[in-house]
Structure formats: C-alpha cells, structure tokens
file protein.txt (compact mmCIF, N, CA and C atoms)
# COMPACT_ATOMS: atom_id res chain seq x y z
N MET A 1 0.85 -1.18 0.00
CA MET A 1 0.00 0.00 0.00
C MET A 1 0.89 1.24 0.00
N GLU A 2 0.54 2.20 -0.83
CA GLU A 2 1.28 3.46 -0.90
C GLU A 2 1.17 4.20 0.44
N LYS A 3 2.19 4.99 0.74
CA LYS A 3 2.19 5.73 2.01
C LYS A 3 1.00 6.68 2.11
N ASN A 4 0.67 7.36 1.02
CA ASN A 4 -0.44 8.32 1.10
C ASN A 4 -1.77 7.61 1.35
N GLU A 5 -1.94 6.42 0.77
CA GLU A 5 -3.16 5.65 1.00
C GLU A 5 -3.22 5.14 2.44
N HIS A 6 -2.08 4.70 2.95
CA HIS A 6 -2.03 4.21 4.33
C HIS A 6 -2.33 5.34 5.31
N ALA A 7 -1.76 6.53 5.06
CA ALA A 7 -2.03 7.68 5.93
C ALA A 7 -3.51 8.02 5.91
N ALA A 8 -4.13 7.97 4.72
CA ALA A 8 -5.56 8.25 4.61
C ALA A 8 -6.37 7.21 5.39
N MET A 9 -5.95 5.96 5.33
CA MET A 9 -6.63 4.90 6.08
C MET A 9 -6.52 5.16 7.59
N GLU A 10 -5.35 5.57 8.04
CA GLU A 10 -5.16 5.88 9.45
C GLU A 10 -6.03 7.07 9.86
N PHE A 11 -6.15 8.05 8.98
CA PHE A 11 -7.02 9.21 9.24
C PHE A 11 -8.47 8.74 9.37
N ARG A 12 -8.90 7.89 8.45
CA ARG A 12 -10.28 7.37 8.51
C ARG A 12 -10.52 6.54 9.77
N SER A 13 -9.46 5.95 10.31
CA SER A 13 -9.62 5.09 11.49
C SER A 13 -9.72 5.88 12.79
N GLY A 14 -9.52 7.21 12.71
CA GLY A 14 -9.70 8.02 13.91
C GLY A 14 -8.54 8.93 14.27
N LEU A 15 -7.39 8.79 13.61
CA LEU A 15 -6.30 9.73 13.88
C LEU A 15 -6.65 11.07 13.26
N ASN A 16 -6.15 12.15 13.83
CA ASN A 16 -6.36 13.43 13.18
C ASN A 16 -5.37 13.55 12.01
N CYS A 17 -5.50 14.61 11.24
CA CYS A 17 -4.70 14.77 10.03
C CYS A 17 -3.20 14.85 10.33
N ALA A 18 -2.81 15.57 11.36
CA ALA A 18 -1.40 15.69 11.73
C ALA A 18 -0.85 14.34 12.19
N GLN A 19 -1.63 13.62 13.00
CA GLN A 19 -1.20 12.31 13.47
C GLN A 19 -1.02 11.34 12.31
N ALA A 20 -1.92 11.38 11.36
CA ALA A 20 -1.86 10.45 10.22
C ALA A 20 -0.62 10.71 9.36
N VAL A 21 -0.31 11.97 9.12
CA VAL A 21 0.86 12.30 8.30
C VAL A 21 2.15 11.99 9.06
N LEU A 22 2.29 12.49 10.26
CA LEU A 22 3.50 12.24 11.05
C LEU A 22 3.68 10.75 11.29
N GLY A 23 2.60 10.07 11.61
CA GLY A 23 2.67 8.64 11.90
C GLY A 23 3.16 7.80 10.75
N GLU A 24 3.01 8.29 9.55
CA GLU A 24 3.44 7.54 8.37
C GLU A 24 4.96 7.45 8.28
N TYR A 25 5.66 8.34 8.95
CA TYR A 25 7.12 8.42 8.83
C TYR A 25 7.89 8.23 10.12
N VAL A 26 7.25 8.40 11.24
CA VAL A 26 7.96 8.56 12.51
C VAL A 26 8.90 7.40 12.84
N GLU A 27 8.47 6.18 12.66
CA GLU A 27 9.33 5.04 13.01
C GLU A 27 10.54 4.95 12.09
N GLU A 28 10.36 5.40 10.85
CA GLU A 28 11.44 5.43 9.87
C GLU A 28 12.61 6.29 10.36
N PHE A 29 12.30 7.27 11.19
CA PHE A 29 13.32 8.21 11.66
C PHE A 29 13.60 8.05 13.16
N GLY A 30 13.27 6.90 13.71
CA GLY A 30 13.70 6.55 15.05
C GLY A 30 12.84 7.00 16.21
N ALA A 31 11.62 7.41 15.96
CA ALA A 31 10.71 7.79 17.05
C ALA A 31 9.58 6.77 17.13
N SER A 32 8.87 6.77 18.23
CA SER A 32 7.79 5.80 18.37
C SER A 32 6.47 6.36 17.84
N ALA A 33 5.66 5.48 17.30
CA ALA A 33 4.35 5.88 16.77
C ALA A 33 3.47 6.45 17.88
N ASP A 34 3.56 5.86 19.07
CA ASP A 34 2.76 6.34 20.19
C ASP A 34 3.15 7.77 20.57
N SER A 35 4.44 8.03 20.68
CA SER A 35 4.89 9.39 21.01
C SER A 35 4.47 10.37 19.94
N ALA A 36 4.59 9.99 18.69
CA ALA A 36 4.22 10.88 17.59
C ALA A 36 2.73 11.20 17.64
N ALA A 37 1.92 10.20 17.89
CA ALA A 37 0.47 10.44 17.97
C ALA A 37 0.14 11.39 19.12
N ARG A 38 0.85 11.25 20.21
CA ARG A 38 0.61 12.15 21.35
C ARG A 38 1.10 13.56 21.04
N ILE A 39 2.26 13.69 20.41
CA ILE A 39 2.81 15.00 20.06
C ILE A 39 1.88 15.72 19.09
N ALA A 40 1.37 15.01 18.09
CA ALA A 40 0.56 15.63 17.04
C ALA A 40 -0.91 15.77 17.41
N CYS A 41 -1.30 15.27 18.57
CA CYS A 41 -2.71 15.26 18.97
C CYS A 41 -3.38 16.62 18.89
N GLY A 42 -2.72 17.67 19.32
CA GLY A 42 -3.33 18.99 19.36
C GLY A 42 -3.29 19.76 18.05
N PHE A 43 -2.70 19.17 17.00
CA PHE A 43 -2.54 19.89 15.75
C PHE A 43 -3.69 19.70 14.77
N GLY A 44 -4.59 18.76 15.03
CA GLY A 44 -5.70 18.52 14.11
C GLY A 44 -6.68 19.68 14.08
N GLY A 45 -7.35 19.82 12.95
CA GLY A 45 -8.35 20.88 12.82
C GLY A 45 -7.75 22.28 12.80
N GLY A 46 -6.53 22.36 12.30
CA GLY A 46 -5.89 23.67 12.24
C GLY A 46 -5.41 24.12 13.60
N MET A 47 -4.79 23.21 14.33
CA MET A 47 -4.24 23.43 15.66
C MET A 47 -5.35 23.62 16.68
N GLY A 48 -5.84 22.50 17.15
CA GLY A 48 -6.85 22.53 18.20
C GLY A 48 -8.21 23.01 17.74
N HIS A 49 -8.54 22.68 16.50
CA HIS A 49 -9.83 23.08 15.89
C HIS A 49 -10.03 24.59 15.92
N THR A 50 -8.93 25.33 15.68
CA THR A 50 -9.04 26.78 15.59
C THR A 50 -9.17 27.25 14.15
N GLY A 51 -9.02 26.32 13.21
CA GLY A 51 -9.11 26.67 11.80
C GLY A 51 -7.82 27.25 11.24
N GLY A 52 -6.74 27.18 12.02
CA GLY A 52 -5.43 27.69 11.58
C GLY A 52 -4.78 26.75 10.58
N THR A 53 -3.47 26.65 10.64
CA THR A 53 -2.74 25.82 9.68
C THR A 53 -3.21 24.37 9.75
N CYS A 54 -3.53 23.84 8.59
CA CYS A 54 -4.02 22.47 8.44
C CYS A 54 -3.09 21.48 9.14
N GLY A 55 -3.66 20.52 9.84
CA GLY A 55 -2.87 19.51 10.54
C GLY A 55 -2.05 18.65 9.61
N ALA A 56 -2.53 18.39 8.40
CA ALA A 56 -1.73 17.63 7.44
C ALA A 56 -0.45 18.39 7.11
N VAL A 57 -0.56 19.71 7.05
CA VAL A 57 0.60 20.57 6.79
C VAL A 57 1.54 20.56 7.99
N THR A 58 1.03 20.75 9.19
CA THR A 58 1.90 20.77 10.37
C THR A 58 2.53 19.40 10.60
N GLY A 59 1.78 18.34 10.33
CA GLY A 59 2.35 16.99 10.43
C GLY A 59 3.50 16.81 9.46
N ALA A 60 3.34 17.32 8.25
CA ALA A 60 4.40 17.22 7.24
C ALA A 60 5.63 18.02 7.66
N ILE A 61 5.41 19.18 8.26
CA ILE A 61 6.54 19.99 8.71
C ILE A 61 7.30 19.25 9.81
N MET A 62 6.58 18.57 10.69
CA MET A 62 7.25 17.77 11.73
C MET A 62 8.07 16.66 11.09
N VAL A 63 7.54 16.03 10.04
CA VAL A 63 8.28 14.98 9.33
C VAL A 63 9.56 15.55 8.74
N LEU A 64 9.47 16.71 8.11
CA LEU A 64 10.66 17.31 7.52
C LEU A 64 11.74 17.57 8.57
N GLY A 65 11.33 18.00 9.75
CA GLY A 65 12.29 18.20 10.83
C GLY A 65 12.93 16.89 11.26
N LEU A 66 12.11 15.87 11.45
CA LEU A 66 12.64 14.56 11.84
C LEU A 66 13.59 14.00 10.80
N ALA A 67 13.22 14.16 9.55
CA ALA A 67 13.98 13.55 8.46
C ALA A 67 15.29 14.26 8.15
N THR A 68 15.34 15.56 8.36
CA THR A 68 16.49 16.31 7.85
C THR A 68 17.24 17.15 8.86
N CYS A 69 16.72 17.34 10.04
CA CYS A 69 17.41 18.15 11.04
C CYS A 69 18.52 17.31 11.68
N ASP A 70 19.69 17.90 11.83
CA ASP A 70 20.79 17.19 12.48
C ASP A 70 20.46 16.90 13.93
N SER A 71 21.23 16.01 14.53
CA SER A 71 20.98 15.64 15.92
C SER A 71 21.20 16.81 16.87
N ASP A 72 21.96 17.81 16.45
CA ASP A 72 22.13 19.01 17.26
C ASP A 72 21.10 20.04 16.81
N PRO A 73 20.04 20.24 17.59
CA PRO A 73 18.98 21.15 17.17
C PRO A 73 19.41 22.61 17.10
N ARG A 74 20.60 22.91 17.58
CA ARG A 74 21.11 24.29 17.51
C ARG A 74 21.91 24.55 16.23
N ASP A 75 22.09 23.52 15.42
CA ASP A 75 22.87 23.64 14.20
C ASP A 75 22.14 24.53 13.19
N THR A 76 22.70 25.70 12.94
CA THR A 76 22.07 26.68 12.06
C THR A 76 21.96 26.20 10.63
N VAL A 77 22.98 25.53 10.12
CA VAL A 77 22.95 25.03 8.74
C VAL A 77 21.81 24.04 8.56
N SER A 78 21.65 23.15 9.52
CA SER A 78 20.56 22.17 9.48
C SER A 78 19.21 22.88 9.48
N ARG A 79 19.08 23.86 10.34
CA ARG A 79 17.82 24.59 10.44
C ARG A 79 17.49 25.31 9.13
N ILE A 80 18.49 25.90 8.52
CA ILE A 80 18.28 26.58 7.24
C ILE A 80 17.85 25.58 6.18
N ARG A 81 18.45 24.40 6.17
CA ARG A 81 18.07 23.35 5.21
C ARG A 81 16.61 22.94 5.43
N VAL A 82 16.21 22.74 6.67
CA VAL A 82 14.83 22.36 6.97
C VAL A 82 13.87 23.48 6.55
N HIS A 83 14.23 24.71 6.83
CA HIS A 83 13.36 25.84 6.44
C HIS A 83 13.15 25.86 4.94
N GLY A 84 14.19 25.58 4.16
CA GLY A 84 14.05 25.54 2.71
C GLY A 84 13.09 24.45 2.27
N LEU A 85 13.19 23.29 2.90
CA LEU A 85 12.28 22.17 2.56
C LEU A 85 10.85 22.49 2.96
N VAL A 86 10.68 23.14 4.11
CA VAL A 86 9.34 23.55 4.56
C VAL A 86 8.75 24.53 3.54
N GLN A 87 9.54 25.48 3.10
CA GLN A 87 9.06 26.45 2.12
C GLN A 87 8.66 25.76 0.82
N SER A 88 9.44 24.77 0.39
CA SER A 88 9.10 24.00 -0.82
C SER A 88 7.79 23.25 -0.62
N PHE A 89 7.66 22.62 0.54
CA PHE A 89 6.42 21.89 0.83
C PHE A 89 5.22 22.83 0.78
N LEU A 90 5.33 23.96 1.48
CA LEU A 90 4.21 24.91 1.55
C LEU A 90 3.86 25.45 0.17
N ALA A 91 4.85 25.72 -0.64
CA ALA A 91 4.59 26.23 -1.99
C ALA A 91 3.81 25.20 -2.80
N GLU A 92 4.19 23.94 -2.71
CA GLU A 92 3.49 22.90 -3.48
C GLU A 92 2.09 22.66 -2.95
N PHE A 93 1.94 22.61 -1.63
CA PHE A 93 0.60 22.41 -1.05
C PHE A 93 -0.31 23.57 -1.44
N ASN A 94 0.22 24.78 -1.36
CA ASN A 94 -0.54 25.96 -1.75
C ASN A 94 -0.90 25.93 -3.23
N ALA A 95 0.02 25.49 -4.07
CA ALA A 95 -0.25 25.40 -5.50
C ALA A 95 -1.39 24.42 -5.78
N ARG A 96 -1.45 23.36 -5.03
CA ARG A 96 -2.50 22.35 -5.23
C ARG A 96 -3.85 22.79 -4.68
N HIS A 97 -3.82 23.50 -3.54
CA HIS A 97 -5.09 23.75 -2.83
C HIS A 97 -5.42 25.22 -2.59
N GLY A 98 -4.51 26.11 -2.89
CA GLY A 98 -4.79 27.53 -2.76
C GLY A 98 -4.74 28.08 -1.35
N ALA A 99 -4.37 27.25 -0.39
CA ALA A 99 -4.32 27.69 1.01
C ALA A 99 -3.61 26.61 1.84
N THR A 100 -3.26 26.98 3.07
CA THR A 100 -2.72 26.00 4.02
C THR A 100 -3.49 26.02 5.33
N ASP A 101 -4.49 26.88 5.44
CA ASP A 101 -5.26 26.96 6.69
C ASP A 101 -6.63 26.29 6.51
N CYS A 102 -7.10 25.71 7.58
CA CYS A 102 -8.36 24.95 7.56
C CYS A 102 -9.55 25.81 7.14
N ARG A 103 -9.59 27.04 7.60
CA ARG A 103 -10.75 27.90 7.25
C ARG A 103 -10.93 27.98 5.75
N ARG A 104 -9.85 28.27 5.04
CA ARG A 104 -9.97 28.40 3.58
C ARG A 104 -10.05 27.04 2.90
N LEU A 105 -9.34 26.06 3.39
CA LEU A 105 -9.38 24.74 2.77
C LEU A 105 -10.78 24.11 2.88
N LEU A 106 -11.43 24.33 4.00
CA LEU A 106 -12.76 23.74 4.21
C LEU A 106 -13.90 24.67 3.80
N GLY A 107 -13.62 25.95 3.72
CA GLY A 107 -14.66 26.91 3.36
C GLY A 107 -15.63 27.22 4.48
N CYS A 108 -15.22 26.90 5.71
CA CYS A 108 -16.02 27.24 6.88
C CYS A 108 -15.09 27.34 8.09
N ASP A 109 -15.55 28.00 9.12
CA ASP A 109 -14.73 28.24 10.31
C ASP A 109 -15.04 27.19 11.37
N ILE A 110 -14.21 26.15 11.42
CA ILE A 110 -14.46 25.06 12.37
C ILE A 110 -14.16 25.43 13.81
N SER A 111 -13.71 26.66 14.05
CA SER A 111 -13.48 27.09 15.43
C SER A 111 -14.78 27.50 16.11
N THR A 112 -15.84 27.63 15.33
CA THR A 112 -17.15 27.97 15.90
C THR A 112 -18.03 26.72 15.88
N PRO A 113 -18.96 26.61 16.81
CA PRO A 113 -19.86 25.46 16.81
C PRO A 113 -20.64 25.34 15.50
N GLU A 114 -21.05 26.48 14.94
CA GLU A 114 -21.81 26.45 13.68
C GLU A 114 -20.94 25.96 12.52
N GLY A 115 -19.71 26.46 12.46
CA GLY A 115 -18.81 26.06 11.39
C GLY A 115 -18.40 24.60 11.50
N TYR A 116 -18.15 24.15 12.71
CA TYR A 116 -17.79 22.75 12.93
C TYR A 116 -18.96 21.84 12.52
N SER A 117 -20.15 22.23 12.92
CA SER A 117 -21.34 21.47 12.56
C SER A 117 -21.53 21.42 11.04
N GLU A 118 -21.31 22.57 10.40
CA GLU A 118 -21.42 22.63 8.94
C GLU A 118 -20.43 21.68 8.27
N ALA A 119 -19.20 21.64 8.78
CA ALA A 119 -18.18 20.75 8.22
C ALA A 119 -18.57 19.29 8.42
N GLN A 120 -19.11 18.97 9.58
CA GLN A 120 -19.54 17.59 9.84
C GLN A 120 -20.71 17.20 8.93
N ILE A 121 -21.73 18.04 8.89
CA ILE A 121 -22.92 17.74 8.09
C ILE A 121 -22.57 17.62 6.62
N SER A 122 -21.66 18.46 6.14
CA SER A 122 -21.26 18.45 4.73
C SER A 122 -20.25 17.34 4.42
N GLY A 123 -19.77 16.66 5.43
CA GLY A 123 -18.81 15.57 5.22
C GLY A 123 -17.43 16.05 4.81
N LEU A 124 -17.09 17.30 5.17
CA LEU A 124 -15.82 17.86 4.74
C LEU A 124 -14.61 17.14 5.33
N PHE A 125 -14.73 16.67 6.56
CA PHE A 125 -13.60 15.98 7.18
C PHE A 125 -13.30 14.68 6.42
N GLU A 126 -14.35 14.01 5.97
CA GLU A 126 -14.19 12.75 5.26
C GLU A 126 -13.76 12.96 3.81
N THR A 127 -14.19 14.02 3.20
CA THR A 127 -13.89 14.21 1.78
C THR A 127 -12.65 15.08 1.59
N ARG A 128 -12.68 16.29 2.01
CA ARG A 128 -11.55 17.20 1.77
C ARG A 128 -10.33 16.86 2.61
N CYS A 129 -10.52 16.63 3.90
CA CYS A 129 -9.36 16.41 4.77
C CYS A 129 -8.57 15.18 4.36
N GLU A 130 -9.26 14.16 3.92
CA GLU A 130 -8.55 12.96 3.46
C GLU A 130 -7.65 13.29 2.27
N VAL A 131 -8.13 14.13 1.38
CA VAL A 131 -7.32 14.56 0.23
C VAL A 131 -6.08 15.31 0.71
N TYR A 132 -6.25 16.17 1.71
CA TYR A 132 -5.12 16.95 2.22
C TYR A 132 -4.07 16.04 2.86
N VAL A 133 -4.52 15.02 3.57
CA VAL A 133 -3.60 14.04 4.17
C VAL A 133 -2.83 13.33 3.06
N LYS A 134 -3.54 12.84 2.06
CA LYS A 134 -2.89 12.13 0.95
C LYS A 134 -1.89 13.03 0.24
N ASP A 135 -2.30 14.25 -0.06
CA ASP A 135 -1.42 15.15 -0.78
C ASP A 135 -0.20 15.55 0.04
N ALA A 136 -0.37 15.73 1.34
CA ALA A 136 0.78 16.07 2.19
C ALA A 136 1.82 14.97 2.12
N VAL A 137 1.39 13.72 2.19
CA VAL A 137 2.32 12.59 2.12
C VAL A 137 2.93 12.49 0.71
N GLU A 138 2.12 12.69 -0.30
CA GLU A 138 2.61 12.64 -1.67
C GLU A 138 3.69 13.71 -1.90
N ILE A 139 3.47 14.90 -1.39
CA ILE A 139 4.47 15.97 -1.53
C ILE A 139 5.73 15.62 -0.75
N LEU A 140 5.56 15.09 0.46
CA LEU A 140 6.73 14.66 1.23
C LEU A 140 7.55 13.63 0.47
N GLU A 141 6.90 12.73 -0.19
CA GLU A 141 7.61 11.69 -0.95
C GLU A 141 8.48 12.30 -2.05
N THR A 142 8.06 13.42 -2.61
CA THR A 142 8.88 14.06 -3.65
C THR A 142 10.03 14.87 -3.05
N ILE A 143 9.87 15.32 -1.81
CA ILE A 143 10.87 16.15 -1.17
C ILE A 143 11.94 15.33 -0.47
N LEU A 144 11.52 14.25 0.17
CA LEU A 144 12.47 13.46 0.98
C LEU A 144 13.38 12.57 0.12
call {"tool": "encode", "arguments": {"input": "protein.txt", "output": "structure tokens"}}
result
Amino acid sequence: MEKNEHAAMEFRSGLNCAQAVLGEYVEEFGASADSAARIACGFGGGMGHTGGTCGAVTGAIMVLGLATCDSDPRDTVSRIRVHGLVQSFLAEFNARHGATDCRRLLGCDISTPEGYSEAQISGLFETRCEVYVKDAVEILETIL
C-alpha cells in the first residue's frame, strides 16, 4: 500500500490529520508511533480546531524536521536546510489547494460550533481532509 493511502486509512480510522501524516514516517526516523500520535494530537483541525494551519501541513513539517534536522537542534545550517524544505512543501501544497489553513481549505470556520457542525454535516472531514492528508504525504515523498 502506498504511504499516502495508508495515511488516509489511518485518518479514517480516527487519527487526526497531523497524526496520520506524522505517523506515516515517525518510526522510519527513530521515534515511536505512540509518542508521535501524542505530540501531534493537538494539531488537528488547524491546531486545536481553531481553523489555523491544516494539521496535514503541520504533520508534514514535523516529518521534515525529523527527516532532515541534524541531531544538534542548535545547528544553524541544518535549520536553514529544513526551512528551505518547509518552504518548498508549503509552496506545493498551496499550488494544489490555494491555502494551508483549515478555514480556507474547508470553506467554513471550524473554530465555531456552527462552522464545525457545517463541516460535519457536509462531510468535509471525510472528503476534503482525506485529500489533504494524501497530498501532504505525496508531496513529502517528492521532497524526501
């Protein structure tokens, strides 16, 4: 099974978007799936259902850090390299979807009870969010 399909399956099984994307790579880079799921827990729904940056995007950014940051987190060269990869990721995600924040990606404000209800009733989490998870992993595959 392709990584993007597996991440989508994990998303459908109950993980949030950030957990599904990060979880697809975490063991590959020496971290535990359980720790990754706990770390990414608050990033779903645009960081705690605030409608901010999409969790698939933040999960991907965490993957880029795990995959390419040197073991010394103070290493400036490593940080600059990661920032370049993050910028490449964001540019491609934006090119595909026109935004990186949940409000614009979903077309409603899930930080409000009305907006969250609208997203649920419209099936946006099942339809759009799954696409964002798949695309985040697909873009990571081209970058890594």
call {"tool": "residues_around", "arguments": {"input": "protein.txt", "residues": "region 82-90 of chain A", "least_positions_apart": "6", "cutoff": "10 Å", "atoms": "only C-alpha atoms", "output": "PyMOL selection string"}}
result
chain A and resi 57-58+60-70+76+96+99-100+136+139-140+142-144
call {"tool": "atom_distance", "arguments": {"input": "protein.txt", "atom1": "atom N of Glu138 (chain A)", "atom2": "CA of Gly59 (chain A)"}}
result
11.6 Å
call {"tool": "residues_around", "arguments": {"input": "protein.txt", "residues": "Met9 (chain A)", "least_positions_apart": "4", "cutoff": "12 Å", "atoms": "only C-alpha atoms", "output": "PDB file with N, CA and C atoms, in the frame of the given file"}}
result
ATOM      1  N   MET A   1       0.850  -1.180   0.000  1.00  0.00           N
ATOM      2  CA  MET A   1       0.000   0.000   0.000  1.00  0.00           C
ATOM      3  C   MET A   1       0.890   1.240   0.000  1.00  0.00           C
ATOM      4  N   GLU A   2       0.540   2.200  -0.830  1.00  0.00           N
ATOM      5  CA  GLU A   2       1.280   3.460  -0.900  1.00  0.00           C
ATOM      6  C   GLU A   2       1.170   4.200   0.440  1.00  0.00           C
ATOM      7  N   LYS A   3       2.190   4.990   0.740  1.00  0.00           N
ATOM      8  CA  LYS A   3       2.190   5.730   2.010  1.00  0.00           C
ATOM      9  C   LYS A   3       1.000   6.680   2.110  1.00  0.00           C
ATOM     10  N   ASN A   4       0.670   7.360   1.020  1.00  0.00           N
ATOM     11  CA  ASN A   4      -0.440   8.320   1.100  1.00  0.00           C
ATOM     12  C   ASN A   4      -1.770   7.610   1.350  1.00  0.00           C
ATOM     13  N   GLU A   5      -1.940   6.420   0.770  1.00  0.00           N
ATOM     14  CA  GLU A   5      -3.160   5.650   1.000  1.00  0.00           C
ATOM     15  C   GLU A   5      -3.220   5.140   2.440  1.00  0.00           C
ATOM     16  N   SER A  13      -9.460   5.950  10.310  1.00  0.00           N
ATOM     17  CA  SER A  13      -9.620   5.090  11.490  1.00  0.00           C
ATOM     18  C   SER A  13      -9.720   5.880  12.790  1.00  0.00           C
ATOM     19  N   GLY A  14      -9.520   7.210  12.710  1.00  0.00           N
ATOM     20  CA  GLY A  14      -9.700   8.020  13.910  1.00  0.00           C
ATOM     21  C   GLY A  14      -8.540   8.930  14.270  1.00  0.00           C
ATOM     22  N   LEU A  15      -7.390   8.790  13.610  1.00  0.00           N
ATOM     23  CA  LEU A  15      -6.300   9.730  13.880  1.00  0.00           C
ATOM     24  C   LEU A  15      -6.650  11.070  13.260  1.00  0.00           C
ATOM     25  N   ASN A  16      -6.150  12.150  13.830  1.00  0.00           N
ATOM     26  CA  ASN A  16      -6.360  13.430  13.180  1.00  0.00           C
ATOM     27  C   ASN A  16      -5.370  13.550  12.010  1.00  0.00           C
ATOM     28  N   CYS A  17      -5.500  14.610  11.240  1.00  0.00           N
ATOM     29  CA  CYS A  17      -4.700  14.770  10.030  1.00  0.00           C
ATOM     30  C   CYS A  17      -3.200  14.850  10.330  1.00  0.00           C
ATOM     31  N   GLN A  19      -1.630  13.620  13.000  1.00  0.00           N
ATOM     32  CA  GLN A  19      -1.200  12.310  13.470  1.00  0.00           C
ATOM     33  C   GLN A  19      -1.020  11.340  12.310  1.00  0.00           C
ATOM     34  N   ALA A  20      -1.920  11.380  11.360  1.00  0.00           N
ATOM     35  CA  ALA A  20      -1.860  10.450  10.220  1.00  0.00           C
ATOM     36  C   ALA A  20      -0.620  10.710   9.360  1.00  0.00           C
ATOM     37  N   VAL A  21      -0.310  11.970   9.120  1.00  0.00           N
ATOM     38  CA  VAL A  21       0.860  12.300   8.300  1.00  0.00           C
ATOM     39  C   VAL A  21       2.150  11.990   9.060  1.00  0.00           C
ATOM     40  N   GLY A  23       2.600  10.070  11.610  1.00  0.00           N
ATOM     41  CA  GLY A  23       2.670   8.640  11.900  1.00  0.00           C
ATOM     42  C   GLY A  23       3.160   7.800  10.750  1.00  0.00           C
ATOM     43  N   GLU A  24       3.010   8.290   9.550  1.00  0.00           N
ATOM     44  CA  GLU A  24       3.440   7.540   8.370  1.00  0.00           C
ATOM     45  C   GLU A  24       4.960   7.450   8.280  1.00  0.00           C
ATOM     46  N   GLU A 126     -14.350  14.010   5.970  1.00  0.00           N
ATOM     47  CA  GLU A 126     -14.190  12.750   5.260  1.00  0.00           C
ATOM     48  C   GLU A 126     -13.760  12.960   3.810  1.00  0.00           C
ATOM     49  N   CYS A 129     -10.520  16.630   3.900  1.00  0.00           N
ATOM     50  CA  CYS A 129      -9.360  16.410   4.770  1.00  0.00           C
ATOM     51  C   CYS A 129      -8.570  15.180   4.360  1.00  0.00           C
ATOM     52  N   GLU A 130      -9.260  14.160   3.920  1.00  0.00           N
ATOM     53  CA  GLU A 130      -8.550  12.960   3.460  1.00  0.00           C
ATOM     54  C   GLU A 130      -7.650  13.290   2.270  1.00  0.00           C
ATOM     55  N   VAL A 131      -8.130  14.130   1.380  1.00  0.00           N
ATOM     56  CA  VAL A 131      -7.320  14.560   0.230  1.00  0.00           C
ATOM     57  C   VAL A 131      -6.080  15.310   0.710  1.00  0.00           C
ATOM     58  N   VAL A 133      -4.520  15.020   3.570  1.00  0.00           N
ATOM     59  CA  VAL A 133      -3.600  14.040   4.170  1.00  0.00           C
ATOM     60  C   VAL A 133      -2.830  13.330   3.060  1.00  0.00           C
ATOM     61  N   LYS A 134      -3.540  12.840   2.060  1.00  0.00           N
ATOM     62  CA  LYS A 134      -2.890  12.130   0.950  1.00  0.00           C
ATOM     63  C   LYS A 134      -1.890  13.030   0.240  1.00  0.00           C
TER      64      LYS A 134
END
call {"tool": "residues_around", "arguments": {"input": "protein.txt", "residues": "Gly52 (chain A)", "least_positions_apart": "2", "cutoff": "6.5 Å", "atoms": "only N, CA and C atoms", "output": "number ranges by chain"}}
result
A: 45-47, 49-50, 54-55, 100-103
call {"tool": "atom_distance", "arguments": {"input": "protein.txt", "atom1": "atom N of Thr112 (chain A)", "atom2": "CA of Gly51 (chain A)"}}
result
7.7 Å
call {"tool": "atom_distance", "arguments": {"input": "protein.txt", "atom1": "atom C of Ala37 (chain A)", "atom2": "CA of Ala95 (chain A)"}}
result
28.3 Å
call {"tool": "select_by_dssp", "arguments": {"input": "protein.txt", "residues": "region 6-125 of chain A", "states": "alpha helix (DSSP H)", "output": "JSON, numbers by chain"}}
result
{"A": [6, 7, 8, 9, 10, 11, 12, 17, 18, 19, 20, 21, 22, 23, 33, 34, 35, 36, 37, 38, 39, 40, 44, 45, 46, 47, 55, 56, 57, 58, 59, 60, 61, 62, 63, 64, 65, 66, 67, 68, 76, 77, 78, 79, 80, 81, 82, 83, 84, 85, 86, 87, 88, 89, 90, 91, 92, 93, 94, 95, 96, 97, 102, 103, 104, 105, 106, 113, 114, 115, 116, 117, 118, 119, 120, 121, 122, 124, 125]}
call {"tool": "residues_near_point", "arguments": {"input": "protein.txt", "point": "(-10.1, 21.2, -1.8)", "cutoff": "6 Å", "atoms": "all atoms listed in the file", "output": "PyMOL selection string"}}
result
chain A and resi 97+105+128
call {"tool": "residues_near_point", "arguments": {"input": "protein.txt", "point": "(-19.4, 18.8, 10.2)", "cutoff": "12 Å", "atoms": "only C-alpha atoms", "output": "MDAnalysis selection string"}}
result
chainID A and resid 45 49 106:129
